[in-house]
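J.: Structure provided below as structure tokens; questions to follow.
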Amino acid sequence: MSGFDVDTRTQNLRRLERDTFDLLVIGGGIVGAAIARDAATRGLATALVERGDFASGTSGKTSRLVHGGLRYLRTYKVGLVRTAVRERDVLLEQAPALVHPLPFVIPSYRDHGPSRWALRLGLLVYDFLSKGKALPRRVWLRPDETTEREPRLEVGGLEGSGIYYDAWTDDARLVLAVVKEAASKGATIANYTEVTELHRTAGRVDGAHVVDRLTGTAFRVKARGVVNATGVWLDRLRSPPTSPTIRPTKGIHIFLPRAKVGNRNALALTARRDGRIIFVLPWGDLTLVGTTDTDFHGNPDVVLPDAHDVEYLLEAVNEAFPEAEVTPTDVVSAYAGLRPLARKGHEDVPESEVSREHTLFQDDDGLISIVGGKLTTARAMAEAVVNRIPSSDGKQSPALTTRVLPLGPKVHPLDELTALGFDGATARRLQHRFTPEELKRHLETSSATRPIVNGLAAVWIEVELAVREEMAVTLSDVLVRRLGLFYEAPDQGSEVAPKVAVRMAEVLAWDAGRTDREVREYRELVASHRRFRGDGG
Ligand SMILES: Cc1cc2nc3c(=O)[nH]c(=O)nc-3n(C[C@H](O)[C@H](O)[C@H](O)COP(=O)(O)OP(=O)(O)OC[C@H]3O[C@@H](n4cnc5c(N)ncnc54)[C@H](O)[C@@H]3O)c2cc1C
């Protein structure tokens, strides 16, 4: 799909003001995006508004796993795991460019973590729940076989390890793909468009007042049904005021140089401090480590990794990989997100035991709100929501189809991409993002095939694609969520930010003031995410 850009956004804002929709979806995280995709696929006149960028909330701050959640078997959440495993397999099948198989090593130690037998039983059940057999089956390794696979893993007390499979994704790009898929099915979508208040007629919600956050223009959107998919912000729109729906818990992640950590594979480790599972995941030359899980009582608009969070993850890495000796100065980047977990019935349990299952609320005014769930299960959540929405003739919307619909670009052979002038590493990166046809549309732009940051695979054509085909309208949209340089570049993209802003200014007709402001705001974002280091760097 071409032409999903700032002009599309402007036209969509006009449509939002003019038309009446069957369904208005509020929130452009994975859940809102999946609902819009499902509804538009069923033929409903669908609108989606997101107050920031797509995936700028929790959905862009995850562990980047599409997984069943092996750990939930410890608390007998078999239903949740079964759904998540099924949805993982659907995504592996339907979105091969976006969701990739990932083998995990899960070690068993004599003195901490799961016992050998508990682990073997857990992996047996996990395999059993995966009816689709989309991934290879589990394997059990002896201690010597484990260290052959992971030579730098702690050996003291090691009793062996299980190998099992889940999948990884780039979370923000997965959300974007779902958003674009919804748009291609006819949904009218705008980012940086905030619902300030719901509109009611005779006590029934029939639309919302919105404001375009780029221009300040306010108007009303008319809709027969409204879904609140605003994650941790859910209660800001529900009315009359209820007791809090959400128990937000904070989770952080850090990227470290992989050569320093020494992991070869993905691992699910058990932290000695509190017995929680910590993921250590390969991400090119980096290792992604996460996550924490602590109750959050602050302002959900400002969620940052702090020194304690980072220390906790570094401790878990250093225990498992004793030669790593990683410290806060090794951290390339860190980020934090809030889990929108349903509070009801979970007030007194520890954070990591709050249910990850989703909950649907239908208020007296007709507003449907949905909360909880996982990045992995959003498609199934969307189905449940749209099943409740009657189409304009008052009938039940026709049955679902998203389970069998492809998502994201087709995977093309690497040589089709190298033939366009990209080197091997860049071709492998682009293979998961764009088709050759999409790339060809922008090959003539300056430096298209040249790296943006020396030593990294990201190239200038991606900036062009972000702005012209992915509705990126701020510098952060490009550097954080479309390209990921915020996470992967050694200085988080601070140095290259002015050059990228100038390129964006050419396309988006920014004046010098706007261009400077974008760079300043981006650098402030980076600085706030490095504050945990305490060294100003
Ligand atoms: C640390 C962490 C790790 C995780 N790891 C995984 C994982 O590896 N795999 C997995 O499957 N799940 C994972 N999850 C769970 C998963 O990320 C969430 O369940 C999911 O992203 C929630 O999506 P959402 O759309 O409900 O919320 P969000 O992504 O937060 O989307 C809500 C959106 O609503 C917008 N919004 C709010 N108010 C308004 C308004 N008034 N008008 C317009 N828009 C508005 C926000 O800007 C936001 O973008 C993780 C969660 C966390 C916190």
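Identifiers in the structure tokens: chain A, B, ... in order shown; residue index from 1 per chain; ligand index from 1 in order shown.
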Might you pull out every residue within 8 Å of Thr401 of chain A, with only C-alpha atoms counted and same-chain residues fewer than 6 positions away left off, and present them as an mmCIF file with N, CA and C atoms, in the first residue's frame?
T.:
```
data_model
loop_
_atom_site.group_PDB
_atom_site.id
_atom_site.type_symbol
_atom_site.label_atom_id
_atom_site.label_comp_id
_atom_site.auth_asym_id
_atom_site.auth_seq_id
_atom_site.Cartn_x
_atom_site.Cartn_y
_atom_site.Cartn_z
ATOM 1 N N ASP A 38 -9.876 -5.659 12.117
ATOM 2 C CA ASP A 38 -10.946 -6.655 12.100
ATOM 3 C C ASP A 38 -12.257 -6.022 11.614
ATOM 4 N N THR A 41 -12.159 -5.124 7.953
ATOM 5 C CA THR A 41 -12.207 -6.356 7.151
ATOM 6 C C THR A 41 -13.632 -6.873 7.042
ATOM 7 N N ARG A 42 -14.426 -6.691 8.104
ATOM 8 C CA ARG A 42 -15.824 -7.151 8.077
ATOM 9 C C ARG A 42 -16.748 -6.174 7.343
#
```
J.: Hey, what's within 12 Å of Arg481 of chain A if we count only C-alpha atoms and toss same-chain stuff fewer than 5 positions away? As a PyMOL selection string, please?
T.: chain A and resi 52-57+59-61+170-176+462-463+466+470-476+486-488
J.: As number ranges by chain, please: every protein or nucleic acid residue near ligand 1 (cut-off 7 Å, counting only C-alpha atoms and all ligand atoms).
T.: A: 26-32, 49-67, 193-196, 229-234, 237, 249-253, 291-292, 336-340, 371-377
J.: Considering only C-alpha atoms, can you say which of A:Val500, A:Pro328, A:Asp5, A:His432 comes closest to Ser447 of chain A?
T.: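 Smallest distance to Ser447 of chain A is found for A:Val500.
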J.: If you run DSSP over the backbone, which residues in segment 199-399 of chain A end up strand (DSSP E or B)? Put them as a PDB file with N, CA and C atoms, in the first residue's frame.
T.:
```pdb
ATOM      1  N   HIS A 199     -18.695  12.031  23.068  1.00  0.00           N
ATOM      2  CA  HIS A 199     -19.941  12.758  22.810  1.00  0.00           C
ATOM      3  C   HIS A 199     -21.118  11.827  23.064  1.00  0.00           C
ATOM      4  N   ARG A 200     -22.116  12.309  23.782  1.00  0.00           N
ATOM      5  CA  ARG A 200     -23.295  11.475  24.068  1.00  0.00           C
ATOM      6  C   ARG A 200     -24.565  12.188  23.620  1.00  0.00           C
ATOM      7  N   THR A 201     -25.521  11.391  23.121  1.00  0.00           N
ATOM      8  CA  THR A 201     -26.861  11.907  22.840  1.00  0.00           C
ATOM      9  C   THR A 201     -27.822  11.014  23.605  1.00  0.00           C
ATOM     10  N   ARG A 204     -26.301   8.060  25.372  1.00  0.00           N
ATOM     11  CA  ARG A 204     -25.583   7.038  24.597  1.00  0.00           C
ATOM     12  C   ARG A 204     -24.380   7.661  23.902  1.00  0.00           C
ATOM     13  N   VAL A 205     -23.258   6.995  23.985  1.00  0.00           N
ATOM     14  CA  VAL A 205     -22.056   7.492  23.303  1.00  0.00           C
ATOM     15  C   VAL A 205     -22.259   7.378  21.799  1.00  0.00           C
ATOM     16  N   ASP A 206     -22.079   8.493  21.090  1.00  0.00           N
ATOM     17  CA  ASP A 206     -22.248   8.447  19.633  1.00  0.00           C
ATOM     18  C   ASP A 206     -21.144   9.246  18.943  1.00  0.00           C
ATOM     19  N   GLY A 207     -19.970   9.200  19.517  1.00  0.00           N
ATOM     20  CA  GLY A 207     -18.837   9.868  18.885  1.00  0.00           C
ATOM     21  C   GLY A 207     -17.925  10.479  19.925  1.00  0.00           C
ATOM     22  N   ALA A 208     -17.061  11.376  19.452  1.00  0.00           N
ATOM     23  CA  ALA A 208     -16.085  11.957  20.370  1.00  0.00           C
ATOM     24  C   ALA A 208     -15.610  13.310  19.852  1.00  0.00           C
ATOM     25  N   HIS A 209     -15.200  14.142  20.789  1.00  0.00           N
ATOM     26  CA  HIS A 209     -14.532  15.389  20.431  1.00  0.00           C
ATOM     27  C   HIS A 209     -13.042  15.080  20.332  1.00  0.00           C
ATOM     28  N   VAL A 210     -12.449  15.491  19.231  1.00  0.00           N
ATOM     29  CA  VAL A 210     -11.026  15.208  19.048  1.00  0.00           C
ATOM     30  C   VAL A 210     -10.283  16.498  18.740  1.00  0.00           C
ATOM     31  N   VAL A 211      -8.962  16.432  18.979  1.00  0.00           N
ATOM     32  CA  VAL A 211      -8.133  17.568  18.602  1.00  0.00           C
ATOM     33  C   VAL A 211      -6.924  17.049  17.818  1.00  0.00           C
ATOM     34  N   ASP A 212      -6.656  17.712  16.705  1.00  0.00           N
ATOM     35  CA  ASP A 212      -5.463  17.404  15.913  1.00  0.00           C
ATOM     36  C   ASP A 212      -4.277  18.000  16.659  1.00  0.00           C
ATOM     37  N   ALA A 218      -9.847  21.471  16.544  1.00  0.00           N
ATOM     38  CA  ALA A 218     -10.732  20.539  17.262  1.00  0.00           C
ATOM     39  C   ALA A 218     -12.000  20.318  16.459  1.00  0.00           C
ATOM     40  N   PHE A 219     -12.554  19.125  16.501  1.00  0.00           N
ATOM     41  CA  PHE A 219     -13.824  18.845  15.840  1.00  0.00           C
ATOM     42  C   PHE A 219     -14.438  17.590  16.447  1.00  0.00           C
ATOM     43  N   ARG A 220     -15.623  17.227  15.933  1.00  0.00           N
ATOM     44  CA  ARG A 220     -16.334  16.070  16.483  1.00  0.00           C
ATOM     45  C   ARG A 220     -16.363  14.938  15.469  1.00  0.00           C
ATOM     46  N   VAL A 221     -16.189  13.716  15.942  1.00  0.00           N
ATOM     47  CA  VAL A 221     -16.326  12.528  15.094  1.00  0.00           C
ATOM     48  C   VAL A 221     -17.631  11.836  15.477  1.00  0.00           C
ATOM     49  N   LYS A 222     -18.439  11.486  14.446  1.00  0.00           N
ATOM     50  CA  LYS A 222     -19.729  10.832  14.726  1.00  0.00           C
ATOM     51  C   LYS A 222     -19.595   9.318  14.453  1.00  0.00           C
ATOM     52  N   ALA A 223     -20.087   8.522  15.389  1.00  0.00           N
ATOM     53  CA  ALA A 223     -19.977   7.067  15.214  1.00  0.00           C
ATOM     54  C   ALA A 223     -21.102   6.366  15.955  1.00  0.00           C
ATOM     55  N   ARG A 224     -21.560   5.253  15.365  1.00  0.00           N
ATOM     56  CA  ARG A 224     -22.634   4.482  16.021  1.00  0.00           C
ATOM     57  C   ARG A 224     -22.095   3.710  17.222  1.00  0.00           C
ATOM     58  N   GLY A 225     -20.842   3.286  17.135  1.00  0.00           N
ATOM     59  CA  GLY A 225     -20.226   2.562  18.255  1.00  0.00           C
ATOM     60  C   GLY A 225     -18.852   3.128  18.529  1.00  0.00           C
ATOM     61  N   VAL A 226     -18.421   3.111  19.802  1.00  0.00           N
ATOM     62  CA  VAL A 226     -17.095   3.628  20.155  1.00  0.00           C
ATOM     63  C   VAL A 226     -16.389   2.596  21.039  1.00  0.00           C
ATOM     64  N   VAL A 227     -15.147   2.305  20.684  1.00  0.00           N
ATOM     65  CA  VAL A 227     -14.343   1.379  21.503  1.00  0.00           C
ATOM     66  C   VAL A 227     -13.158   2.126  22.091  1.00  0.00           C
ATOM     67  N   ASN A 228     -13.012   1.950  23.370  1.00  0.00           N
ATOM     68  CA  ASN A 228     -11.920   2.574  24.108  1.00  0.00           C
ATOM     69  C   ASN A 228     -10.797   1.538  24.238  1.00  0.00           C
ATOM     70  N   ILE A 246      -7.699  -0.290  35.945  1.00  0.00           N
ATOM     71  CA  ILE A 246      -6.367  -0.791  35.613  1.00  0.00           C
ATOM     72  C   ILE A 246      -5.479  -0.860  36.847  1.00  0.00           C
ATOM     73  N   ARG A 247      -4.647  -1.903  36.894  1.00  0.00           N
ATOM     74  CA  ARG A 247      -3.534  -1.912  37.839  1.00  0.00           C
ATOM     75  C   ARG A 247      -2.254  -1.895  36.986  1.00  0.00           C
ATOM     76  N   PRO A 248      -1.725  -0.692  36.715  1.00  0.00           N
ATOM     77  CA  PRO A 248      -0.568  -0.647  35.810  1.00  0.00           C
ATOM     78  C   PRO A 248       0.692  -1.165  36.498  1.00  0.00           C
ATOM     79  N   THR A 249       1.447  -2.005  35.801  1.00  0.00           N
ATOM     80  CA  THR A 249       2.765  -2.378  36.345  1.00  0.00           C
ATOM     81  C   THR A 249       3.821  -2.016  35.304  1.00  0.00           C
ATOM     82  N   LYS A 250       4.945  -1.577  35.828  1.00  0.00           N
ATOM     83  CA  LYS A 250       6.006  -1.055  34.962  1.00  0.00           C
ATOM     84  C   LYS A 250       7.009  -2.153  34.625  1.00  0.00           C
ATOM     85  N   GLY A 251       7.439  -2.184  33.378  1.00  0.00           N
ATOM     86  CA  GLY A 251       8.466  -3.138  32.971  1.00  0.00           C
ATOM     87  C   GLY A 251       9.507  -2.423  32.136  1.00  0.00           C
ATOM     88  N   ILE A 252      10.785  -2.649  32.463  1.00  0.00           N
ATOM     89  CA  ILE A 252      11.817  -1.990  31.646  1.00  0.00           C
ATOM     90  C   ILE A 252      12.650  -3.024  30.892  1.00  0.00           C
ATOM     91  N   HIS A 253      13.340  -2.543  29.882  1.00  0.00           N
ATOM     92  CA  HIS A 253      14.262  -3.374  29.102  1.00  0.00           C
ATOM     93  C   HIS A 253      15.550  -2.602  28.881  1.00  0.00           C
ATOM     94  N   ILE A 254      16.637  -3.343  28.679  1.00  0.00           N
ATOM     95  CA  ILE A 254      17.898  -2.693  28.295  1.00  0.00           C
ATOM     96  C   ILE A 254      18.518  -3.438  27.114  1.00  0.00           C
ATOM     97  N   PHE A 255      19.198  -2.680  26.265  1.00  0.00           N
ATOM     98  CA  PHE A 255      20.024  -3.274  25.209  1.00  0.00           C
ATOM     99  C   PHE A 255      21.486  -3.187  25.653  1.00  0.00           C
ATOM    100  N   LEU A 256      22.193  -4.310  25.499  1.00  0.00           N
ATOM    101  CA  LEU A 256      23.620  -4.367  25.840  1.00  0.00           C
ATOM    102  C   LEU A 256      24.382  -4.893  24.623  1.00  0.00           C
ATOM    103  N   PRO A 257      25.706  -4.601  24.530  1.00  0.00           N
ATOM    104  CA  PRO A 257      26.467  -5.209  23.425  1.00  0.00           C
ATOM    105  C   PRO A 257      26.498  -6.728  23.625  1.00  0.00           C
ATOM    106  N   ALA A 266      18.635 -17.063  22.533  1.00  0.00           N
ATOM    107  CA  ALA A 266      17.687 -16.471  23.486  1.00  0.00           C
ATOM    108  C   ALA A 266      17.654 -17.362  24.723  1.00  0.00           C
ATOM    109  N   LEU A 267      17.592 -16.743  25.888  1.00  0.00           N
ATOM    110  CA  LEU A 267      17.493 -17.524  27.126  1.00  0.00           C
ATOM    111  C   LEU A 267      16.354 -17.020  27.988  1.00  0.00           C
ATOM    112  N   ALA A 268      15.742 -17.930  28.718  1.00  0.00           N
ATOM    113  CA  ALA A 268      14.777 -17.559  29.754  1.00  0.00           C
ATOM    114  C   ALA A 268      15.446 -17.926  31.073  1.00  0.00           C
ATOM    115  N   LEU A 269      15.923 -16.908  31.796  1.00  0.00           N
ATOM    116  CA  LEU A 269      16.689 -17.134  33.028  1.00  0.00           C
ATOM    117  C   LEU A 269      15.806 -16.913  34.236  1.00  0.00           C
ATOM    118  N   THR A 270      16.204 -17.468  35.360  1.00  0.00           N
ATOM    119  CA  THR A 270      15.483 -17.189  36.597  1.00  0.00           C
ATOM    120  C   THR A 270      16.363 -16.314  37.477  1.00  0.00           C
ATOM    121  N   ILE A 277      11.254 -14.675  35.917  1.00  0.00           N
ATOM    122  CA  ILE A 277      11.897 -15.012  34.635  1.00  0.00           C
ATOM    123  C   ILE A 277      12.407 -13.727  33.980  1.00  0.00           C
ATOM    124  N   ILE A 278      13.635 -13.773  33.507  1.00  0.00           N
ATOM    125  CA  ILE A 278      14.221 -12.655  32.752  1.00  0.00           C
ATOM    126  C   ILE A 278      14.614 -13.187  31.374  1.00  0.00           C
ATOM    127  N   PHE A 279      14.198 -12.471  30.334  1.00  0.00           N
ATOM    128  CA  PHE A 279      14.571 -12.870  28.979  1.00  0.00           C
ATOM    129  C   PHE A 279      15.870 -12.189  28.562  1.00  0.00           C
ATOM    130  N   VAL A 280      16.735 -12.968  27.926  1.00  0.00           N
ATOM    131  CA  VAL A 280      17.971 -12.447  27.335  1.00  0.00           C
ATOM    132  C   VAL A 280      17.896 -12.826  25.862  1.00  0.00           C
ATOM    133  N   LEU A 281      17.733 -11.823  24.995  1.00  0.00           N
ATOM    134  CA  LEU A 281      17.384 -12.121  23.599  1.00  0.00           C
ATOM    135  C   LEU A 281      18.418 -11.560  22.631  1.00  0.00           C
ATOM    136  N   PRO A 282      18.808 -12.342  21.634  1.00  0.00           N
ATOM    137  CA  PRO A 282      19.731 -11.787  20.633  1.00  0.00           C
ATOM    138  C   PRO A 282      19.015 -10.772  19.757  1.00  0.00           C
ATOM    139  N   TRP A 283      19.657  -9.638  19.499  1.00  0.00           N
ATOM    140  CA  TRP A 283      19.099  -8.615  18.603  1.00  0.00           C
ATOM    141  C   TRP A 283      20.253  -8.094  17.759  1.00  0.00           C
ATOM    142  N   LEU A 286      23.369  -6.794  19.357  1.00  0.00           N
ATOM    143  CA  LEU A 286      22.962  -6.408  20.719  1.00  0.00           C
ATOM    144  C   LEU A 286      22.228  -7.554  21.407  1.00  0.00           C
ATOM    145  N   THR A 287      22.080  -7.391  22.709  1.00  0.00           N
ATOM    146  CA  THR A 287      21.273  -8.318  23.501  1.00  0.00           C
ATOM    147  C   THR A 287      20.186  -7.511  24.186  1.00  0.00           C
ATOM    148  N   LEU A 288      18.959  -7.957  24.041  1.00  0.00           N
ATOM    149  CA  LEU A 288      17.836  -7.278  24.708  1.00  0.00           C
ATOM    150  C   LEU A 288      17.522  -8.044  25.999  1.00  0.00           C
ATOM    151  N   VAL A 289      17.493  -7.325  27.117  1.00  0.00           N
ATOM    152  CA  VAL A 289      17.260  -7.965  28.418  1.00  0.00           C
ATOM    153  C   VAL A 289      16.022  -7.362  29.066  1.00  0.00           C
ATOM    154  N   GLY A 290      15.104  -8.203  29.518  1.00  0.00           N
ATOM    155  CA  GLY A 290      13.923  -7.694  30.228  1.00  0.00           C
ATOM    156  C   GLY A 290      13.140  -8.830  30.853  1.00  0.00           C
ATOM    157  N   THR A 294       6.835  -4.017  38.327  1.00  0.00           N
ATOM    158  CA  THR A 294       6.587  -3.341  39.610  1.00  0.00           C
ATOM    159  C   THR A 294       5.366  -2.440  39.497  1.00  0.00           C
ATOM    160  N   ASP A 295       4.571  -2.401  40.553  1.00  0.00           N
ATOM    161  CA  ASP A 295       3.385  -1.530  40.554  1.00  0.00           C
ATOM    162  C   ASP A 295       3.806  -0.098  40.241  1.00  0.00           C
ATOM    163  N   SER A 333      20.873   1.328  25.360  1.00  0.00           N
ATOM    164  CA  SER A 333      19.614   2.062  25.486  1.00  0.00           C
ATOM    165  C   SER A 333      18.720   1.316  26.468  1.00  0.00           C
ATOM    166  N   ALA A 334      17.754   2.048  27.001  1.00  0.00           N
ATOM    167  CA  ALA A 334      16.805   1.447  27.950  1.00  0.00           C
ATOM    168  C   ALA A 334      15.437   2.055  27.688  1.00  0.00           C
ATOM    169  N   TYR A 335      14.397   1.290  27.969  1.00  0.00           N
ATOM    170  CA  TYR A 335      13.047   1.839  27.793  1.00  0.00           C
ATOM    171  C   TYR A 335      12.117   1.211  28.811  1.00  0.00           C
ATOM    172  N   ALA A 336      10.994   1.893  29.027  1.00  0.00           N
ATOM    173  CA  ALA A 336      10.047   1.427  30.038  1.00  0.00           C
ATOM    174  C   ALA A 336       8.633   1.497  29.494  1.00  0.00           C
ATOM    175  N   GLY A 337       7.810   0.545  29.894  1.00  0.00           N
ATOM    176  CA  GLY A 337       6.397   0.545  29.485  1.00  0.00           C
ATOM    177  C   GLY A 337       5.517   0.131  30.647  1.00  0.00           C
ATOM    178  N   LEU A 338       4.220   0.365  30.487  1.00  0.00           N
ATOM    179  CA  LEU A 338       3.258   0.007  31.541  1.00  0.00           C
ATOM    180  C   LEU A 338       2.310  -1.070  31.042  1.00  0.00           C
ATOM    181  N   ARG A 339       2.157  -2.127  31.821  1.00  0.00           N
ATOM    182  CA  ARG A 339       1.187  -3.175  31.449  1.00  0.00           C
ATOM    183  C   ARG A 339      -0.212  -2.713  31.840  1.00  0.00           C
ATOM    184  N   PRO A 340      -1.132  -2.697  30.894  1.00  0.00           N
ATOM    185  CA  PRO A 340      -2.510  -2.306  31.251  1.00  0.00           C
ATOM    186  C   PRO A 340      -3.273  -3.528  31.767  1.00  0.00           C
ATOM    187  N   LEU A 341      -3.035  -3.881  33.023  1.00  0.00           N
ATOM    188  CA  LEU A 341      -3.654  -5.097  33.563  1.00  0.00           C
ATOM    189  C   LEU A 341      -4.953  -4.755  34.281  1.00  0.00           C
ATOM    190  N   ALA A 342      -5.926  -5.644  34.160  1.00  0.00           N
ATOM    191  CA  ALA A 342      -7.219  -5.398  34.816  1.00  0.00           C
ATOM    192  C   ALA A 342      -7.031  -5.561  36.332  1.00  0.00           C
ATOM    193  N   THR A 359     -10.036  -8.231  29.535  1.00  0.00           N
ATOM    194  CA  THR A 359     -11.385  -8.042  30.063  1.00  0.00           C
ATOM    195  C   THR A 359     -12.092  -7.012  29.184  1.00  0.00           C
ATOM    196  N   LEU A 360     -13.362  -7.289  28.910  1.00  0.00           N
ATOM    197  CA  LEU A 360     -14.197  -6.361  28.117  1.00  0.00           C
ATOM    198  C   LEU A 360     -15.223  -5.713  29.044  1.00  0.00           C
ATOM    199  N   PHE A 361     -15.403  -4.420  28.919  1.00  0.00           N
ATOM    200  CA  PHE A 361     -16.428  -3.733  29.704  1.00  0.00           C
ATOM    201  C   PHE A 361     -17.375  -3.059  28.738  1.00  0.00           C
ATOM    202  N   GLN A 362     -18.679  -3.169  28.990  1.00  0.00           N
ATOM    203  CA  GLN A 362     -19.630  -2.379  28.205  1.00  0.00           C
ATOM    204  C   GLN A 362     -20.410  -1.520  29.195  1.00  0.00           C
ATOM    205  N   ILE A 368     -17.639   0.607  24.792  1.00  0.00           N
ATOM    206  CA  ILE A 368     -16.950  -0.667  25.034  1.00  0.00           C
ATOM    207  C   ILE A 368     -15.489  -0.357  25.327  1.00  0.00           C
ATOM    208  N   SER A 369     -14.981  -0.901  26.424  1.00  0.00           N
ATOM    209  CA  SER A 369     -13.566  -0.727  26.746  1.00  0.00           C
ATOM    210  C   SER A 369     -12.934  -2.105  26.832  1.00  0.00           C
ATOM    211  N   ILE A 370     -11.699  -2.183  26.394  1.00  0.00           N
ATOM    212  CA  ILE A 370     -10.999  -3.478  26.459  1.00  0.00           C
ATOM    213  C   ILE A 370      -9.617  -3.265  27.047  1.00  0.00           C
ATOM    214  N   VAL A 371      -9.236  -4.177  27.921  1.00  0.00           N
ATOM    215  CA  VAL A 371      -7.984  -3.998  28.635  1.00  0.00           C
ATOM    216  C   VAL A 371      -7.333  -5.352  28.899  1.00  0.00           C
ATOM    217  N   PRO A 390     -22.814  -4.166  16.080  1.00  0.00           N
ATOM    218  CA  PRO A 390     -23.723  -4.395  14.952  1.00  0.00           C
ATOM    219  C   PRO A 390     -23.325  -3.527  13.761  1.00  0.00           C
ATOM    220  N   GLN A 396     -25.757  -8.364  13.213  1.00  0.00           N
ATOM    221  CA  GLN A 396     -24.426  -8.757  13.683  1.00  0.00           C
ATOM    222  C   GLN A 396     -23.443  -8.674  12.515  1.00  0.00           C
TER     223      GLN A 396
END
```
J.: For Phe434 of chain A, which residue among A:Val81, A:Leu70, A:Leu98, A:Leu121 is the nearest when counting only C-alpha atoms?
T.: A:Leu98
J.: Identify, with DSSP run on backbone atoms, the residues in segment 366-433 of chain A assigned to alpha helix (DSSP H), and express the list as a count of residues only.
T.: 22
J.: For Phe128 of chain A, work out the shell of residues within 10 Å, counting only C-alpha atoms and skipping chain neighbours fewer than 6 positions away, then give it as a list in words.
T.: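 Counting only C-alpha atoms, the residues come to Arg82, Gly122 and Arg137 of chain A.
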J.: For Ser494 of chain A, please output as a PyMOL selection string all residues within 10 Å (counting only C-alpha atoms; exclusion window: fewer than 4 positions along the same chain).
T.: chain A and resi 479+485-486+489-490+498+519-520+522-527
J.: Using only C-alpha atoms for the distances, tell me which of A:Leu313, A:Ala183, A:Ala39, A:Leu73 is nearest to Thr8 of chain A.
T.: A:Ala183
J.: Would you work out the distance separating atom CA of Gly534 of chain A from atom CA of Ala324 of chain A, expressed in Å to one decimal?
T.: 21.3 Å
